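Worksheet: one structure, shown below.
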Amino acid sequence: MSPTTIPLDHPVPISKSILEVSVNFNLLHIEDLDETKQMLTTTGWFFFRWTLQGLSWDETKFQNISRVSVLPKDMWLPDLVLLNANDNYGRLGGEHQPCTIRNNGTVEWYAIDRRSTTCIVDVTSFPFDKQRCSLELSQWITDTSEVDYTFHNVPISYNTVKENGEWEVLDTFVKEYHIYDGLYQVLELGLILGRRRAYYILTAILPVCILSCLNLMVFHVPPESGEKMSLCVSVMLAYAVYLTSINSVLPSVSDHVALFSVYLHYMFVLKALTVVASVFVLHLHSALPKSTIRKRLTKHLSPNPKKATPGAFVADNTDEANNLNGESVKTNKNAEDLKILLEQEQWVDIVKKVDLLFFCIFLMLFILSTGGFFCAIASTQE
């Protein structure tokens with residue numbers, strides 16, 4: 001029987017058995033994954049293979065012709081559409097993509113195209129996030145009583161995929177289910193995409209950690225140097241400027257908030273609190289001896305409670321001065337000067353203790369927040 005005498009415009013031309021069609025998707029290139037539009041753009045082809053009964057011939061009787069090409073208008077093709085397509089109404093292939101008929105009755109069709117499909121993006125664990133995007137094929141005209149679609153031995157191939165600068169294919173998955181009471185079949189061919197994180201670690205996470213560590217050095221600058229506030233404000237302004245540039249690379253998705261974005265703003269709050277703490281330390285440094293806060297801190301943080309009592313301090317230094325000089329007026333003056341000098345040195349030590357206390361507090365907050373960020377990221381990867 002000549003292949004031209006076989007009707008080609010129906011999936012089951014001879015028998016009433018269900019036609020089995022195998023499906024494979026070969027990915028060529030991931031062009032873009034737009035987080036804002038929730039859209040994945042890929043280039044690749046679907047490969048379909050099925051066998052038509054009676055559509056075979058002896059190639060030796062037809063000039064050793066083992067295969068022929070048939071235009072789509074003259075041949076039945078799988079009537080599958082992309083349910084989650086954003087363009088071209090989800091139709092596969094085109095008018096100029098013919099199919100191949102082999103002499104054993106096997107029909108092969110490659111539907112190559114550039115497709116944009118919907119992909120729900122979750123950026124919670126940015127920049128360590130993984131996205132699950134799929135292409136959902138559904139029967140449109142024929143139903144499950146006529147055609148049965150099965151996955152190829154290798155449903156999705158990406159060995160020849162061109163590398164994308166931001167995303168890489170980590171794994172694939174397939175799923176099959178039915179809709180409308182089992183009347184129509186849906187095939188889901190999915191890609192698990194991982195964001196390339198090295199760029200974001202070097203340009204975002206590492207600089208933020210360095211600025212945060214530099215921010216802690218503010219508490220090691222002596223208040224009397226006059227550079228404490230200069231360094232504090234400079235670090236905060238540098239972080240604010242850098243935060244503006246980082247926001248340009250953060251995905252702008254409203255339904256999911258990136259943990260990294262929360263971490264960035266939390267660190268900004270810590271730097272603002274560092275300014276407040278530095279102002280407080282400078283206020284203590286310039287506090288008058290008779291001020292209430294100085295008296296209270298001296299009482300609680302003084303290493304020698306006896307020296308913290310003015311009466312005892314005067315008495316001790318008066319006795320010492322009398323023994324040295326023997327003159328009453330000069331003794332009182334020297335004792336008073338010594339008292340002021342020792343009190344000032346004691347107060348400087350107390351201010352340093354307050355500075356050290358703030359350093360420990362902010363260091364602990366930095367470690368806890370950074371550790372909590374990475375732990376939260378790790379929990380989302382499970």
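Each chain in the structure tokens gets a letter, A, B and so on, in the order shown; residues start at 1 in every chain, and ligands are counted from 1 in the order they appear.
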Set the distance at 12 Å and use only C-alpha atoms: which residues neighbour range 273-281 of chain A once local chain neighbours fewer than 3 positions away are removed? I'd like the list as a PyMOL selection string. chain A and resi 212-224+226-237+266-270+284-287+293-294+347-348+350-359+361-363+365-366
List every residue of range 62-216 of chain A that DSSP, applied to the backbone, labels as strand (DSSP E or B), and write the result as an MDAnalysis selection string. chainID A and resid 67:70 80:82 85 91 99:102 106:118 130:139 147:157 162 167:179 184:195
Distance query range 42-49 of chain A at most 10 Å, only C-alpha atoms, self and fewer than 2 positions along chain excluded, as a PyMOL selection string: chain A and resi 20-33+39-40+51+77-78+92-93+99-101+106-117+149-152+155-158+161-162
Who sits within 8 Å of Phe373 in chain A, only C-alpha atoms, same chain under 3 positions skipped, as an mmCIF file with C-alpha atoms, in the first residue's frame:
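Final output, saved to around.cif:
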```cif
data_model
loop_
_atom_site.group_PDB
_atom_site.id
_atom_site.type_symbol
_atom_site.label_atom_id
_atom_site.label_comp_id
_atom_site.auth_asym_id
_atom_site.auth_seq_id
_atom_site.Cartn_x
_atom_site.Cartn_y
_atom_site.Cartn_z
ATOM 1 C CA LEU A 259 14.525 37.333 53.811
ATOM 2 C CA PHE A 260 17.639 39.089 52.551
ATOM 3 C CA TYR A 263 18.076 41.350 56.867
ATOM 4 C CA SER A 369 20.824 38.329 63.064
ATOM 5 C CA THR A 370 23.343 36.989 60.541
ATOM 6 C CA ALA A 376 16.111 30.741 57.913
ATOM 7 C CA ILE A 377 17.517 30.354 54.406
#
```
Quick one: DSSP helix (DSSP H, G or I) residues in range 48-182 of chain A, as a CSV table (one decimal) with C-alpha atoms, in the first residue's frame?
```csv
chain,number,residue,atom,x,y,z
A,59,GLU,CA,11.4,0.9,0.9
A,60,THR,CA,12.9,-1.3,-1.8
A,61,LYS,CA,9.7,-0.9,-3.9
A,72,PRO,CA,1.3,20.1,9.1
A,73,LYS,CA,-1.8,20.9,7.0
A,74,ASP,CA,-1.8,17.4,5.5
A,88,ASN,CA,0.4,32.5,20.9
A,89,TYR,CA,-2.6,31.0,22.7
A,90,GLY,CA,-0.4,28.0,23.7
```
Which residues, written as a ChimeraX atom specification, have at least one atom at most 12 Å from Pro207 in chain A, with only C-alpha atoms counted and residues fewer than 5 positions away on the same chain left out? /A:199-202,212-214,235,238-239,242-243,245-246,264
What is the distance between CA of Gly190 in chain A and CA of Phe173 in chain A, in Å to one decimal?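 The value is 5.0 Å.
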Using only C-alpha atoms, I'd like a table of the residues in range 163-228 of chain A that come within 12 Å of range 118-121 of chain A; for each, show the closest atom pair and its distance in Å rounded to one decimal, ordered by chain and ascending number, as JSON lines.
```
{"residue": "A:Gly190", "atom": "CA", "partner": "A:Cys119", "partner_atom": "CA", "distance": 10.2}
{"residue": "A:Leu191", "atom": "CA", "partner": "A:Cys119", "partner_atom": "CA", "distance": 10.4}
{"residue": "A:Ile192", "atom": "CA", "partner": "A:Cys119", "partner_atom": "CA", "distance": 11.2}
{"residue": "A:Leu193", "atom": "CA", "partner": "A:Val121", "partner_atom": "CA", "distance": 10.6}
{"residue": "A:Gly194", "atom": "CA", "partner": "A:Val121", "partner_atom": "CA", "distance": 11.7}
{"residue": "A:Arg195", "atom": "CA", "partner": "A:Val121", "partner_atom": "CA", "distance": 11.9}
```
Same residues, C-alpha atoms, saved as a compact mmCIF listing (two decimals), in the first residue's frame:
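Ended up saving to again.txt:
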```txt
# COMPACT_ATOMS: atom_id res chain seq x y z
CA GLY A 190 8.86 20.94 35.00
CA LEU A 191 12.26 22.50 35.55
CA ILE A 192 13.91 23.15 38.90
CA LEU A 193 16.01 26.28 38.46
CA GLY A 194 18.68 27.46 40.87
CA ARG A 195 19.94 31.02 41.02
```
Measuring atom to atom with only C-alpha atoms, identify which of A:Asp34, A:Lys271, A:Val262, A:Glu166 is nearest to Ala240 in chain A.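 Closest candidate: A:Lys271.
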Minimum-distance residue to Trp140 in chain A, chosen among A:Val68, A:Val208, A:Val81, A:Val154 (using only C-alpha atoms):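 Of A:Val68, A:Val208, A:Val81, A:Val154, the one nearest Trp140 in chain A is A:Val81, counting only C-alpha atoms.
Comparing A:Glu163, A:Gly182, A:Asp171, A:Asp79 by their smallest distance to Leu137 in chain A, the closest is A:Asp79 (using only C-alpha atoms).
Residues in contact range of Thr142 in chain A, defined as at most 12 Å between only C-alpha atoms, with sequence neighbours fewer than 3 positions away removed, read His10, Pro11, Val12, Ile18, Leu19, Trp76, Leu77, Pro78, Asp79, Leu80, Val81, Ser138, Gln139, Ser145, Glu146, Val147, Asp148, Tyr149, Leu183, Tyr184 and Gln185 of chain A.
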Would you output that residue set with N, CA and C atoms, as a PDB file, in the first residue's frame?
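Final file, selection-v9.pdb:
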```pdb
ATOM      1  N   HIS A  10      -6.430  12.057  10.679  1.00  0.00           N
ATOM      2  CA  HIS A  10      -7.095  11.594  11.888  1.00  0.00           C
ATOM      3  C   HIS A  10      -6.129  10.733  12.671  1.00  0.00           C
ATOM      4  N   PRO A  11      -6.128  10.809  13.986  1.00  0.00           N
ATOM      5  CA  PRO A  11      -5.141  10.078  14.765  1.00  0.00           C
ATOM      6  C   PRO A  11      -5.303   8.567  14.711  1.00  0.00           C
ATOM      7  N   VAL A  12      -6.515   8.065  14.455  1.00  0.00           N
ATOM      8  CA  VAL A  12      -6.742   6.630  14.449  1.00  0.00           C
ATOM      9  C   VAL A  12      -7.401   6.267  13.127  1.00  0.00           C
ATOM     10  N   ILE A  18      -6.826   2.967  21.062  1.00  0.00           N
ATOM     11  CA  ILE A  18      -6.314   4.273  21.496  1.00  0.00           C
ATOM     12  C   ILE A  18      -4.893   4.462  20.974  1.00  0.00           C
ATOM     13  N   LEU A  19      -4.644   5.604  20.399  1.00  0.00           N
ATOM     14  CA  LEU A  19      -3.325   5.914  19.854  1.00  0.00           C
ATOM     15  C   LEU A  19      -2.418   6.388  20.990  1.00  0.00           C
ATOM     16  N   TRP A  76      -2.313  14.765  10.624  1.00  0.00           N
ATOM     17  CA  TRP A  76      -2.801  14.963  11.986  1.00  0.00           C
ATOM     18  C   TRP A  76      -1.602  15.114  12.913  1.00  0.00           C
ATOM     19  N   LEU A  77      -1.659  16.132  13.747  1.00  0.00           N
ATOM     20  CA  LEU A  77      -0.611  16.376  14.716  1.00  0.00           C
ATOM     21  C   LEU A  77      -1.221  16.432  16.111  1.00  0.00           C
ATOM     22  N   PRO A  78      -0.459  16.126  17.109  1.00  0.00           N
ATOM     23  CA  PRO A  78      -0.978  16.182  18.483  1.00  0.00           C
ATOM     24  C   PRO A  78      -1.611  17.538  18.776  1.00  0.00           C
ATOM     25  N   ASP A  79      -2.854  17.517  19.182  1.00  0.00           N
ATOM     26  CA  ASP A  79      -3.599  18.754  19.439  1.00  0.00           C
ATOM     27  C   ASP A  79      -3.439  19.184  20.891  1.00  0.00           C
ATOM     28  N   LEU A  80      -2.192  19.410  21.271  1.00  0.00           N
ATOM     29  CA  LEU A  80      -1.890  19.849  22.629  1.00  0.00           C
ATOM     30  C   LEU A  80      -1.668  21.353  22.642  1.00  0.00           C
ATOM     31  N   VAL A  81      -2.065  21.971  23.732  1.00  0.00           N
ATOM     32  CA  VAL A  81      -1.836  23.399  23.920  1.00  0.00           C
ATOM     33  C   VAL A  81      -1.178  23.618  25.284  1.00  0.00           C
ATOM     34  N   SER A 138      -2.016  20.270  27.524  1.00  0.00           N
ATOM     35  CA  SER A 138      -3.351  19.698  27.712  1.00  0.00           C
ATOM     36  C   SER A 138      -3.965  19.348  26.363  1.00  0.00           C
ATOM     37  N   GLN A 139      -4.736  18.254  26.356  1.00  0.00           N
ATOM     38  CA  GLN A 139      -5.497  17.907  25.157  1.00  0.00           C
ATOM     39  C   GLN A 139      -6.546  18.979  24.899  1.00  0.00           C
ATOM     40  N   SER A 145     -10.191   8.945  25.226  1.00  0.00           N
ATOM     41  CA  SER A 145     -10.706   7.752  24.557  1.00  0.00           C
ATOM     42  C   SER A 145     -10.088   7.561  23.178  1.00  0.00           C
ATOM     43  N   GLU A 146      -9.395   8.580  22.680  1.00  0.00           N
ATOM     44  CA  GLU A 146      -8.789   8.505  21.358  1.00  0.00           C
ATOM     45  C   GLU A 146      -7.263   8.488  21.407  1.00  0.00           C
ATOM     46  N   VAL A 147      -6.689   9.336  22.244  1.00  0.00           N
ATOM     47  CA  VAL A 147      -5.234   9.459  22.299  1.00  0.00           C
ATOM     48  C   VAL A 147      -4.771   9.383  23.751  1.00  0.00           C
ATOM     49  N   ASP A 148      -3.688   8.639  23.944  1.00  0.00           N
ATOM     50  CA  ASP A 148      -3.070   8.525  25.267  1.00  0.00           C
ATOM     51  C   ASP A 148      -1.638   9.026  25.163  1.00  0.00           C
ATOM     52  N   TYR A 149      -1.322  10.082  25.881  1.00  0.00           N
ATOM     53  CA  TYR A 149       0.018  10.661  25.848  1.00  0.00           C
ATOM     54  C   TYR A 149       0.846  10.095  27.000  1.00  0.00           C
ATOM     55  N   LEU A 183     -11.718  13.379  31.241  1.00  0.00           N
ATOM     56  CA  LEU A 183     -11.928  13.406  29.793  1.00  0.00           C
ATOM     57  C   LEU A 183     -10.686  13.881  29.056  1.00  0.00           C
ATOM     58  N   TYR A 184      -9.945  14.813  29.650  1.00  0.00           N
ATOM     59  CA  TYR A 184      -8.765  15.362  28.995  1.00  0.00           C
ATOM     60  C   TYR A 184      -7.533  15.141  29.873  1.00  0.00           C
ATOM     61  N   GLN A 185      -6.439  14.927  29.211  1.00  0.00           N
ATOM     62  CA  GLN A 185      -5.177  14.618  29.872  1.00  0.00           C
ATOM     63  C   GLN A 185      -4.275  15.855  29.905  1.00  0.00           C
TER      64      GLN A 185
END
```
